[in-house]
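One file, query12.cif, carrying mmCIF, C-alpha atoms:
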```cif
data_final
loop_
_atom_site.label_atom_id
_atom_site.label_comp_id
_atom_site.auth_asym_id
_atom_site.auth_seq_id
_atom_site.Cartn_x
_atom_site.Cartn_y
_atom_site.Cartn_z
CA MET A 1 0.00 0.00 0.00
CA ALA A 2 1.13 3.50 -0.74
CA ASN A 3 -0.40 5.34 2.17
CA ASN A 4 2.75 5.56 4.33
CA ILE A 5 0.75 5.12 7.54
CA PRO A 6 2.06 2.04 9.41
CA ALA A 7 -0.81 1.97 11.93
CA LEU A 8 -3.32 1.92 9.05
CA ASP A 9 -1.42 -0.81 7.16
CA ARG A 10 -1.35 -2.89 10.32
CA LEU A 11 -5.09 -2.51 10.86
CA VAL A 12 -5.84 -3.40 7.23
CA ASP A 13 -3.62 -6.50 7.60
CA GLU A 14 -5.56 -7.60 10.69
CA PHE A 15 -8.89 -7.26 8.87
CA ARG A 16 -7.53 -9.14 5.83
CA LYS A 17 -6.92 -12.20 8.01
CA MET A 18 -10.66 -12.44 8.63
CA PRO A 19 -12.76 -14.90 6.61
CA SER A 20 -14.11 -13.57 3.28
CA ILE A 21 -12.54 -10.13 3.81
CA GLY A 22 -10.41 -9.09 0.82
CA MET A 23 -8.15 -6.09 0.31
CA LYS A 24 -10.92 -3.63 -0.58
CA SER A 25 -13.19 -4.71 2.29
CA ALA A 26 -10.28 -4.57 4.75
CA GLU A 27 -9.52 -1.00 3.70
CA ARG A 28 -13.19 -0.06 4.01
CA LEU A 29 -13.33 -1.53 7.53
CA ALA A 30 -10.12 0.27 8.53
CA TYR A 31 -11.49 3.63 7.38
CA TYR A 32 -14.70 2.82 9.23
CA ILE A 33 -12.65 2.41 12.43
CA LEU A 34 -10.90 5.74 11.89
CA GLY A 35 -14.28 7.44 11.62
CA LEU A 36 -15.67 6.04 14.89
CA GLU A 37 -16.06 7.91 18.16
CA GLU A 38 -13.65 7.03 20.99
CA LYS A 39 -16.49 5.32 22.89
CA GLU A 40 -17.52 3.21 19.86
CA VAL A 41 -13.96 1.93 19.47
CA GLU A 42 -13.94 0.91 23.14
CA ASN A 43 -17.26 -0.92 22.71
CA LEU A 44 -15.89 -2.83 19.73
CA THR A 45 -12.55 -3.86 21.26
CA GLU A 46 -14.26 -4.69 24.56
CA ALA A 47 -16.84 -6.88 22.75
CA ILE A 48 -14.03 -8.73 20.94
CA SER A 49 -11.93 -9.29 24.08
CA SER A 50 -14.80 -10.28 26.32
CA ALA A 51 -16.38 -12.68 23.82
CA HIS A 52 -13.01 -14.36 23.38
CA LYS A 53 -12.37 -14.49 27.12
CA ASN A 54 -15.79 -15.56 28.37
CA ILE A 55 -17.14 -17.91 25.72
CA HIS A 56 -16.01 -21.51 25.92
CA GLN A 57 -17.44 -24.99 25.47
CA CYS A 58 -20.25 -26.32 27.69
CA SER A 59 -18.72 -29.09 29.81
CA VAL A 60 -21.62 -31.40 28.85
CA CYS A 61 -22.65 -30.85 25.22
CA ARG A 62 -19.62 -28.84 23.97
CA ASN A 63 -21.86 -26.10 22.59
CA LEU A 64 -20.59 -22.56 23.23
CA THR A 65 -21.60 -20.85 26.47
CA GLU A 66 -20.50 -18.25 28.98
CA ASN A 67 -21.32 -20.61 31.87
CA GLU A 68 -19.87 -23.91 33.02
CA VAL A 69 -22.93 -25.73 31.61
CA CYS A 70 -25.01 -24.17 28.81
CA SER A 71 -28.62 -23.08 29.27
CA ILE A 72 -29.95 -25.96 27.16
CA CYS A 73 -28.18 -28.63 29.22
CA GLN A 74 -29.30 -26.86 32.42
CA SER A 75 -32.96 -26.57 31.43
CA ASP A 76 -35.39 -28.94 33.14
CA ARG A 77 -37.88 -28.58 30.28
CA ARG A 78 -35.69 -30.50 27.84
CA ASP A 79 -36.21 -34.14 26.92
CA ARG A 80 -33.06 -35.82 28.26
CA SER A 81 -33.66 -39.06 26.38
CA LEU A 82 -32.81 -37.42 23.03
CA ILE A 83 -29.48 -36.06 21.77
CA CYS A 84 -29.04 -34.30 18.42
CA VAL A 85 -25.43 -34.53 17.21
CA VAL A 86 -24.23 -31.58 15.09
CA GLU A 87 -20.90 -30.47 13.66
CA ASP A 88 -20.95 -26.84 14.68
CA PRO A 89 -22.43 -24.50 17.34
CA ARG A 90 -24.15 -22.62 14.51
CA ASP A 91 -26.13 -25.77 13.76
CA VAL A 92 -27.50 -25.70 17.32
CA ALA A 93 -28.64 -22.12 16.73
CA ALA A 94 -30.34 -23.27 13.47
CA PHE A 95 -32.28 -26.03 15.29
CA GLU A 96 -33.25 -23.70 18.13
CA ARG A 97 -34.69 -21.25 15.60
CA ILE A 98 -37.29 -23.76 14.39
CA ASN A 99 -38.62 -24.01 17.96
CA GLU A 100 -39.68 -27.63 17.57
CA TYR A 101 -36.80 -29.69 18.90
CA ASN A 102 -36.95 -30.26 22.62
CA GLY A 103 -34.05 -32.64 23.24
CA LEU A 104 -30.40 -32.00 24.03
CA TYR A 105 -27.46 -31.46 21.66
CA HIS A 106 -23.92 -32.63 21.23
CA VAL A 107 -21.47 -30.49 19.22
CA LEU A 108 -18.65 -32.40 17.51
CA HIS A 109 -16.69 -29.30 16.42
CA GLY A 110 -16.02 -30.70 12.99
CA ALA A 111 -16.42 -33.86 10.95
CA ILE A 112 -14.11 -36.75 10.18
CA SER A 113 -11.96 -35.72 7.21
CA PRO A 114 -8.79 -37.74 6.60
CA ILE A 115 -7.79 -35.34 3.80
CA ASN A 116 -7.64 -32.49 6.34
CA GLY A 117 -6.05 -34.67 9.00
CA ILE A 118 -9.20 -34.74 11.17
CA GLY A 119 -9.79 -38.16 12.71
CA PRO A 120 -12.38 -39.24 15.31
CA ASP A 121 -10.02 -38.20 18.14
CA GLU A 122 -10.10 -34.56 17.02
CA LEU A 123 -13.88 -34.49 17.55
CA THR A 124 -15.83 -34.67 20.84
CA ILE A 125 -16.88 -38.29 20.27
CA LYS A 126 -15.40 -39.57 23.57
CA GLU A 127 -17.44 -36.91 25.38
CA LEU A 128 -20.57 -38.07 23.53
CA LEU A 129 -20.00 -41.72 24.55
CA ALA A 130 -19.50 -40.65 28.18
CA ARG A 131 -22.97 -39.05 28.14
CA LEU A 132 -24.62 -42.33 27.13
CA ASN A 133 -23.40 -44.40 30.11
CA ASP A 134 -26.25 -43.90 32.55
CA GLY A 135 -29.01 -45.18 30.24
CA THR A 136 -31.01 -41.91 30.13
CA VAL A 137 -30.50 -41.40 26.41
CA LYS A 138 -32.76 -43.52 24.17
CA GLU A 139 -32.15 -41.94 20.76
CA VAL A 140 -29.30 -40.09 19.08
CA ILE A 141 -30.16 -38.05 15.96
CA MET A 142 -27.21 -37.67 13.58
CA ALA A 143 -27.55 -34.14 12.20
CA THR A 144 -24.12 -33.80 10.61
CA ASN A 145 -23.99 -32.07 7.22
CA PRO A 146 -25.09 -33.96 4.09
CA THR A 147 -21.51 -33.94 2.78
CA VAL A 148 -19.01 -36.76 2.36
CA GLU A 149 -17.39 -35.83 5.69
CA GLY A 150 -20.69 -35.43 7.50
CA GLU A 151 -21.92 -38.80 6.17
CA ALA A 152 -18.72 -40.56 7.18
CA THR A 153 -18.97 -39.07 10.66
CA ALA A 154 -22.61 -40.11 11.03
CA MET A 155 -21.77 -43.68 9.92
CA TYR A 156 -18.77 -43.88 12.25
CA ILE A 157 -20.69 -42.72 15.30
CA SER A 158 -23.75 -44.85 14.55
CA ARG A 159 -21.54 -47.95 14.44
CA LEU A 160 -20.20 -47.07 17.88
CA LEU A 161 -23.67 -46.48 19.36
CA LYS A 162 -25.70 -49.37 17.99
CA PRO A 163 -24.00 -52.02 20.19
CA LEU A 164 -25.01 -49.90 23.21
CA GLY A 165 -28.68 -50.47 22.38
CA ILE A 166 -29.29 -46.81 21.57
CA GLU A 167 -31.47 -45.92 18.60
CA VAL A 168 -29.54 -43.88 16.01
CA SER A 169 -31.44 -41.83 13.42
CA ARG A 170 -30.42 -39.53 10.56
CA LEU A 171 -32.10 -36.35 9.28
CA ALA A 172 -34.29 -36.90 6.21
CA TYR A 173 -32.88 -36.11 2.78
CA GLY A 174 -35.11 -34.59 0.13
CA ILE A 175 -36.14 -31.56 -1.84
CA PRO A 176 -35.74 -28.34 0.16
CA VAL A 177 -39.14 -26.69 0.75
CA GLY A 178 -39.74 -23.93 -1.77
CA ALA A 179 -37.10 -25.19 -4.20
CA ASP A 180 -37.72 -25.82 -7.87
CA LEU A 181 -37.66 -29.52 -8.87
CA GLU A 182 -36.12 -28.61 -12.19
CA TYR A 183 -32.97 -27.39 -10.44
CA ALA A 184 -32.64 -30.16 -7.86
CA ASP A 185 -29.39 -32.09 -8.26
CA GLU A 186 -29.63 -35.77 -9.16
CA VAL A 187 -28.44 -37.16 -5.84
CA THR A 188 -30.97 -35.10 -3.89
CA LEU A 189 -33.76 -36.06 -6.27
CA SER A 190 -32.88 -39.73 -6.04
CA ARG A 191 -32.81 -39.52 -2.22
CA ALA A 192 -36.18 -37.72 -2.25
CA LEU A 193 -37.66 -40.52 -4.36
CA GLU A 194 -36.21 -43.19 -2.09
CA GLY A 195 -37.62 -41.47 1.00
CA ARG A 196 -41.11 -40.85 -0.46
CA ARG A 197 -44.08 -41.19 1.87
CA ILE A 198 -47.66 -42.38 1.27
CA LEU A 199 -50.16 -39.51 1.38
CA MET B 1 -30.64 -14.93 17.62
CA ALA B 2 -31.30 -18.14 19.41
CA ASN B 3 -27.87 -18.89 20.76
CA ASN B 4 -28.43 -17.60 24.34
CA ILE B 5 -24.88 -16.26 24.59
CA PRO B 6 -25.03 -12.52 25.32
CA ALA B 7 -21.29 -11.94 24.73
CA LEU B 8 -21.63 -13.52 21.28
CA ASP B 9 -24.75 -11.52 20.41
CA ARG B 10 -22.97 -8.35 21.43
CA LEU B 11 -19.95 -9.15 19.25
CA VAL B 12 -22.18 -9.99 16.26
CA ASP B 13 -23.99 -6.66 16.77
CA GLU B 14 -20.69 -4.78 16.74
CA PHE B 15 -19.65 -6.44 13.46
CA ARG B 16 -23.06 -5.77 11.90
CA LYS B 17 -22.50 -2.03 12.33
CA MET B 18 -19.54 -2.25 9.94
CA PRO B 19 -19.97 -1.26 6.28
CA SER B 20 -21.18 -4.08 3.97
CA ILE B 21 -21.24 -6.64 6.81
CA GLY B 22 -24.63 -8.40 7.00
CA MET B 23 -25.96 -10.88 9.54
CA LYS B 24 -24.23 -13.96 8.09
CA SER B 25 -20.87 -12.23 7.70
CA ALA B 26 -21.09 -10.78 11.22
CA GLU B 27 -21.69 -14.27 12.61
CA ARG B 28 -18.80 -15.66 10.59
CA LEU B 29 -16.48 -12.93 11.92
CA ALA B 30 -17.64 -13.53 15.50
CA TYR B 31 -16.90 -17.25 15.28
CA TYR B 32 -13.53 -16.37 13.73
CA ILE B 33 -12.76 -14.28 16.85
CA LEU B 34 -13.73 -17.18 19.14
CA GLY B 35 -11.29 -19.43 17.29
CA LEU B 36 -8.29 -17.09 17.64
CA GLU B 37 -5.37 -17.49 20.03
CA GLU B 38 -5.20 -15.07 22.99
CA LYS B 39 -2.23 -13.29 21.37
CA GLU B 40 -4.04 -12.85 18.04
CA VAL B 41 -6.99 -11.22 19.78
CA GLU B 42 -4.62 -8.80 21.50
CA ASN B 43 -2.98 -7.95 18.16
CA LEU B 44 -6.37 -7.22 16.61
CA THR B 45 -7.78 -5.05 19.42
CA GLU B 46 -4.43 -3.26 19.78
CA ALA B 47 -4.34 -2.54 16.00
CA ILE B 48 -7.87 -1.12 16.20
CA SER B 49 -7.19 1.06 19.25
CA SER B 50 -3.83 2.33 18.11
CA ALA B 51 -4.95 3.15 14.56
CA HIS B 52 -7.88 5.10 15.99
CA LYS B 53 -5.71 6.89 18.54
CA ASN B 54 -2.68 7.74 16.41
CA ILE B 55 -4.05 8.49 12.95
CA HIS B 56 -5.33 12.01 12.38
CA GLN B 57 -5.31 14.67 9.68
CA CYS B 58 -2.07 16.24 8.44
CA SER B 59 -2.13 19.87 9.58
CA VAL B 60 -1.23 21.00 6.03
CA CYS B 61 -2.98 18.83 3.45
CA ARG B 62 -5.58 17.06 5.68
CA ASN B 63 -4.51 13.64 4.46
CA LEU B 64 -4.28 10.98 7.18
CA THR B 65 -0.99 10.61 9.04
CA GLU B 66 0.50 9.53 12.35
CA ASN B 67 2.65 12.67 12.47
CA GLU B 68 1.87 16.37 12.77
CA VAL B 69 2.64 16.82 9.05
CA CYS B 70 2.39 13.90 6.60
CA SER B 71 5.39 12.46 4.77
CA ILE B 72 4.28 13.91 1.42
CA CYS B 73 4.02 17.46 2.77
CA GLN B 74 7.37 17.01 4.55
CA SER B 75 9.21 15.66 1.51
CA ASP B 76 11.67 18.03 -0.19
CA ARG B 77 11.41 16.07 -3.44
CA ARG B 78 7.84 17.19 -4.09
CA ASP B 79 6.87 19.95 -6.50
CA ARG B 80 5.36 22.59 -4.20
CA SER B 81 3.85 24.58 -7.05
CA LEU B 82 1.22 21.90 -7.71
CA ILE B 83 -1.70 20.78 -5.52
CA CYS B 84 -4.03 17.91 -6.41
CA VAL B 85 -7.41 18.28 -4.66
CA VAL B 86 -9.18 15.01 -3.83
CA GLU B 87 -12.27 14.06 -1.85
CA ASP B 88 -10.84 11.22 0.22
CA PRO B 89 -7.52 9.95 1.68
CA ARG B 90 -7.99 6.79 -0.40
CA ASP B 91 -7.75 8.94 -3.53
CA VAL B 92 -4.28 10.08 -2.41
CA ALA B 93 -3.27 6.42 -2.08
CA ALA B 94 -4.59 5.79 -5.63
CA PHE B 95 -2.51 8.65 -7.09
CA GLU B 96 0.59 7.55 -5.17
CA ARG B 97 0.25 4.06 -6.63
CA ILE B 98 0.72 5.32 -10.22
CA ASN B 99 4.09 6.76 -9.17
CA GLU B 100 3.84 9.64 -11.63
CA TYR B 101 2.47 12.55 -9.71
CA ASN B 102 5.07 14.58 -7.90
CA GLY B 103 3.10 17.50 -6.48
CA LEU B 104 1.28 17.93 -3.19
CA TYR B 105 -2.32 17.02 -2.26
CA HIS B 106 -5.27 18.53 -0.49
CA VAL B 107 -7.95 16.26 0.94
CA LEU B 108 -11.44 17.80 1.15
CA HIS B 109 -12.97 14.94 3.20
CA GLY B 110 -16.12 14.87 1.11
CA ALA B 111 -17.85 16.79 -1.66
CA ILE B 112 -20.51 19.47 -1.67
CA SER B 113 -23.87 17.73 -1.43
CA PRO B 114 -26.85 19.87 -0.38
CA ILE B 115 -29.08 16.79 -0.32
CA ASN B 116 -26.88 15.29 2.43
CA GLY B 117 -26.48 18.63 4.18
CA ILE B 118 -22.81 19.00 3.21
CA GLY B 119 -21.97 22.57 2.26
CA PRO B 120 -18.55 24.12 1.50
CA ASP B 121 -17.99 24.81 5.21
CA GLU B 122 -18.04 21.08 6.01
CA LEU B 123 -15.06 20.54 3.70
CA THR B 124 -11.45 21.68 4.13
CA ILE B 125 -11.80 24.50 1.57
CA LYS B 126 -10.73 27.25 3.98
CA GLU B 127 -7.56 25.27 4.68
CA LEU B 128 -6.93 24.96 0.92
CA LEU B 129 -7.28 28.73 0.41
CA ALA B 130 -4.86 29.36 3.28
CA ARG B 131 -2.22 27.28 1.48
CA LEU B 132 -2.41 29.49 -1.61
CA ASN B 133 -1.56 32.78 0.09
CA ASP B 134 2.22 32.84 -0.31
CA GLY B 135 2.26 32.50 -4.11
CA THR B 136 4.16 29.18 -4.22
CA VAL B 137 1.26 27.27 -5.79
CA LYS B 138 0.86 27.82 -9.55
CA GLU B 139 -1.67 25.12 -10.44
CA VAL B 140 -4.46 23.30 -8.63
CA ILE B 141 -5.69 20.04 -10.18
CA MET B 142 -9.32 19.28 -9.32
CA ALA B 143 -9.41 15.50 -8.89
CA THR B 144 -12.82 15.17 -7.25
CA ASN B 145 -14.97 12.25 -8.40
CA PRO B 146 -16.77 12.44 -11.76
CA THR B 147 -20.16 12.56 -9.99
CA VAL B 148 -22.69 15.37 -9.64
CA GLU B 149 -21.28 16.21 -6.19
CA GLY B 150 -17.66 15.97 -7.32
CA GLU B 151 -18.38 18.21 -10.32
CA ALA B 152 -20.18 20.79 -8.22
CA THR B 153 -17.28 20.84 -5.77
CA ALA B 154 -14.72 21.25 -8.57
CA MET B 155 -16.72 24.13 -10.09
CA TYR B 156 -17.19 25.80 -6.71
CA ILE B 157 -13.49 25.69 -5.84
CA SER B 158 -12.32 26.71 -9.31
CA ARG B 159 -14.49 29.83 -9.10
CA LEU B 160 -12.82 30.72 -5.80
CA LEU B 161 -9.31 30.16 -7.14
CA LYS B 162 -9.40 31.80 -10.57
CA PRO B 163 -9.50 35.38 -9.21
CA LEU B 164 -6.30 34.55 -7.29
CA GLY B 165 -4.46 34.04 -10.60
CA ILE B 166 -3.96 30.32 -9.97
CA GLU B 167 -4.40 27.90 -12.84
CA VAL B 168 -7.15 25.37 -12.14
CA SER B 169 -7.30 22.12 -14.11
CA ARG B 170 -9.59 19.08 -14.08
CA LEU B 171 -8.75 15.41 -14.68
CA ALA B 172 -9.51 14.23 -18.24
CA TYR B 173 -12.76 12.39 -18.90
CA GLY B 174 -12.81 9.51 -21.35
CA ILE B 175 -12.94 5.83 -21.99
CA PRO B 176 -11.21 3.86 -19.18
CA VAL B 177 -8.18 2.01 -20.54
CA GLY B 178 -9.02 -1.62 -21.28
CA ALA B 179 -12.77 -0.99 -21.39
CA ASP B 180 -15.03 -2.04 -24.22
CA LEU B 181 -16.44 0.86 -26.28
CA GLU B 182 -19.68 -1.02 -26.75
CA TYR B 183 -20.39 -0.85 -23.03
CA ALA B 184 -19.31 2.75 -22.43
CA ASP B 185 -22.19 4.91 -21.18
CA GLU B 186 -23.32 7.79 -23.39
CA VAL B 187 -22.07 10.60 -21.20
CA THR B 188 -18.58 9.10 -20.98
CA LEU B 189 -18.50 8.46 -24.73
CA SER B 190 -19.62 12.00 -25.49
CA ARG B 191 -16.92 13.39 -23.14
CA ALA B 192 -14.30 11.16 -24.77
CA LEU B 193 -15.28 12.53 -28.19
CA GLU B 194 -15.17 16.11 -26.93
CA GLY B 195 -11.72 15.60 -25.45
CA ARG B 196 -10.24 13.79 -28.47
CA ARG B 197 -6.59 14.52 -29.34
CA ILE B 198 -4.79 14.70 -32.68
CA LEU B 199 -2.49 11.72 -33.19
#
```
Could I get this file's structure written as structure tokens?
Amino acid sequence: MANNIPALDRLVDEFRKMPSIGMKSAERLAYYILGLEEKEVENLTEAISSAHKNIHQCSVCRNLTENEVCSICQSDRRDRSLICVVEDPRDVAAFERINEYNGLYHVLHGAISPINGIGPDELTIKELLARLNDGTVKEVIMATNPTVEGEATAMYISRLLKPLGIEVSRLAYGIPVGADLEYADEVTLSRALEGRRIL
Amino acid sequence: MANNIPALDRLVDEFRKMPSIGMKSAERLAYYILGLEEKEVENLTEAISSAHKNIHQCSVCRNLTENEVCSICQSDRRDRSLICVVEDPRDVAAFERINEYNGLYHVLHGAISPINGIGPDELTIKELLARLNDGTVKEVIMATNPTVEGEATAMYISRLLKPLGIEVSRLAYGIPVGADLEYADEVTLSRALEGRRIL
């Protein structure tokens, strides 16, 4: 950059490290910072530091929380016989938005992916097994992503759980609601046909 | 949001205030922060605070700098008889990148725009006039944007400067290099025709 302002270059560099922020966006964000009030800058840096400091994994389900145990695991209105296994904390947020699921969660923090060097030990699978010991859990729903990695992870975990006498289910595949059949990919369409239901 | 983590919501809100950052991007940035090392978070917040604290306007040309006077105004290799007037510090960076302009700059920090309540007094026009008093400056190049506001600003300033016996010029309009004539808009094409040069 030709602006000769080291503090600005440094700030642009920090923003460029962020996901999906390119050179132009990083510059725009840096100029945005320069235009803020003193108090607004404090709010921003304080929000960054405190989120990083205070948010960690729930000791039970491994979802993100500011407490030792997250509010979902603490709640006495949740069905403790049901665990929904997801890859990412954002997936928990997605399920909570539909307001229909009343069980617990378990966050794997990834999926098995040999190509990226992620094996079962990098995920929170041991922690999941430990939760199944006392016989409370009757069903585990595999809600990993419908990708090669997500599938492999679901298969791997279901093979571990079946001998324990726990029912393992998988989210339904099919046409997304509101989508156009014409544009559905072949695999999805074939899965939708396979999973058809009598009306 | 349904994640029940106030510190995360607060961080997402802070990112959403940034230019061209929507809900999804703000969430992605927040999760990026959570995944950083302690030291990386410190680097980021420190870069934000120190850029905001140390960068201010050059007392001469109103470009951004960490010093009292910016490096361009301080340089003894610059042609002090020439001032290029731009709207924004980023425009200075753009001119510096072409490595051909050797004069000084003056940053207006905006353009006259009655519809947005920006009159001449909101810009650094007084500061520009003060620089022209000692007779050093022979030519002022109006390099405001080729928009209605930029044009109005260029016209306004040139009317102030002409009585002072200072030459006022304007950047050339024309076809951008590498563009396709077919897609040039009519105004640009008509300006390119007007400004044609004998080969």
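Atom pair atom CA of Glu96 of chain B / atom CA of Arg170 of chain B has a distance of 17.8 Å (rounded to one decimal).
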(message) Taking all atoms listed in the file into account, find every residue of chain A that has an atom no more than 7 Å from chain B, and write it out as a PyMOL selection string.
(response) chain A and resi 2-3+5+7-8+10-11+14+18-19+29+33-34+41+44-45+47-52+65-66+93+96-97
(request) Name the residues in contact with Val85 of chain B at a cut-off of 8 Å, using only C-alpha atoms, excluding same-chain residues fewer than 2 positions from it; report them as a ChimeraX atom specification. (result) /B:83,87,105-108,140-144
(request) Write out as a PyMOL selection string each polymer residue whose atoms come within 12 Å of Asn133 of chain B, counting only C-alpha atoms; drop sequence neighbours fewer than 6 positions from it. (result) chain B and resi 126-127+161+164-166
Work out where the centre of an axis-aligned box around every listed atom of segment 26-40 of chain A lies and how long its edges are once 8 Å is added on each side; give both in Å to one decimal as JSON.
```
{"center_x": -13.5, "center_y": 1.7, "center_z": 13.3, "size_x": 24.0, "size_y": 28.5, "size_z": 35.2}
```
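Selection check: the PyMOL selection byres ((chain A and resi 102) around 9) on the shown file gives Arg77, Arg78, Asp79, Arg80, Leu82, Glu96, Asn99, Glu100, Tyr101, Gly103 and Leu104 of chain A.
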I need the residues from that last selection saved to file as an mmCIF file, keeping the file's coordinate frame (with C-alpha atoms), if you can.
```cif
data_model
loop_
_atom_site.group_PDB
_atom_site.id
_atom_site.type_symbol
_atom_site.label_atom_id
_atom_site.label_comp_id
_atom_site.auth_asym_id
_atom_site.auth_seq_id
_atom_site.Cartn_x
_atom_site.Cartn_y
_atom_site.Cartn_z
ATOM 1 C CA ARG A 77 -37.880 -28.580 30.280
ATOM 2 C CA ARG A 78 -35.690 -30.500 27.840
ATOM 3 C CA ASP A 79 -36.210 -34.140 26.920
ATOM 4 C CA ARG A 80 -33.060 -35.820 28.260
ATOM 5 C CA LEU A 82 -32.810 -37.420 23.030
ATOM 6 C CA GLU A 96 -33.250 -23.700 18.130
ATOM 7 C CA ASN A 99 -38.620 -24.010 17.960
ATOM 8 C CA GLU A 100 -39.680 -27.630 17.570
ATOM 9 C CA TYR A 101 -36.800 -29.690 18.900
ATOM 10 C CA GLY A 103 -34.050 -32.640 23.240
ATOM 11 C CA LEU A 104 -30.400 -32.000 24.030
#
```
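Here atom CA of Val86 of chain A is placed at a distance of 27.3 Å from atom CA of Tyr183 of chain A.
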Carefully work through the PyMOL selection byres ((chain B and resi 118-125) around 10) for this structure and note down the residues it includes, as a tab-separated table (two decimals) with C-alpha atoms, in the frame of the given file.
```tsv
chain	number	residue	atom	x	y	z
B	61	CYS	CA	-2.98	18.83	3.45
B	62	ARG	CA	-5.58	17.06	5.68
B	85	VAL	CA	-7.41	18.28	-4.66
B	87	GLU	CA	-12.27	14.06	-1.85
B	106	HIS	CA	-5.27	18.53	-0.49
B	107	VAL	CA	-7.95	16.26	0.94
B	108	LEU	CA	-11.44	17.80	1.15
B	109	HIS	CA	-12.97	14.94	3.20
B	110	GLY	CA	-16.12	14.87	1.11
B	111	ALA	CA	-17.85	16.79	-1.66
B	112	ILE	CA	-20.51	19.47	-1.67
B	113	SER	CA	-23.87	17.73	-1.43
B	114	PRO	CA	-26.85	19.87	-0.38
B	115	ILE	CA	-29.08	16.79	-0.32
B	116	ASN	CA	-26.88	15.29	2.43
B	117	GLY	CA	-26.48	18.63	4.18
B	126	LYS	CA	-10.73	27.25	3.98
B	127	GLU	CA	-7.56	25.27	4.68
B	128	LEU	CA	-6.93	24.96	0.92
B	129	LEU	CA	-7.28	28.73	0.41
B	130	ALA	CA	-4.86	29.36	3.28
B	131	ARG	CA	-2.22	27.28	1.48
B	149	GLU	CA	-21.28	16.21	-6.19
B	153	THR	CA	-17.28	20.84	-5.77
B	156	TYR	CA	-17.19	25.80	-6.71
B	157	ILE	CA	-13.49	25.69	-5.84
B	160	LEU	CA	-12.82	30.72	-5.80
```
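For the pair atom CA of Met155 of chain A and atom CA of Ser190 of chain A, the interatomic distance is 19.8 Å.
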(request) Neighbourhood query: residues within 9 Å of (-36.4, -34.2, 0.4), file coordinates, counting only C-alpha atoms; return as a ChimeraX atom specification. (result) /A:172-177,188-189,191-193,195-196
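Distance annotation: of A:Met23, A:Glu182, A:Ser75, A:Ser169, the residue with the minimal separation from Glu139 of chain A is A:Ser169; atom set is all atoms listed in the file.
Of the listed residues (B:Leu132, B:Ile198, B:Ala154, B:Cys73), B:Ala154 comes nearest to Leu171 of chain B; the distances count only C-alpha atoms.
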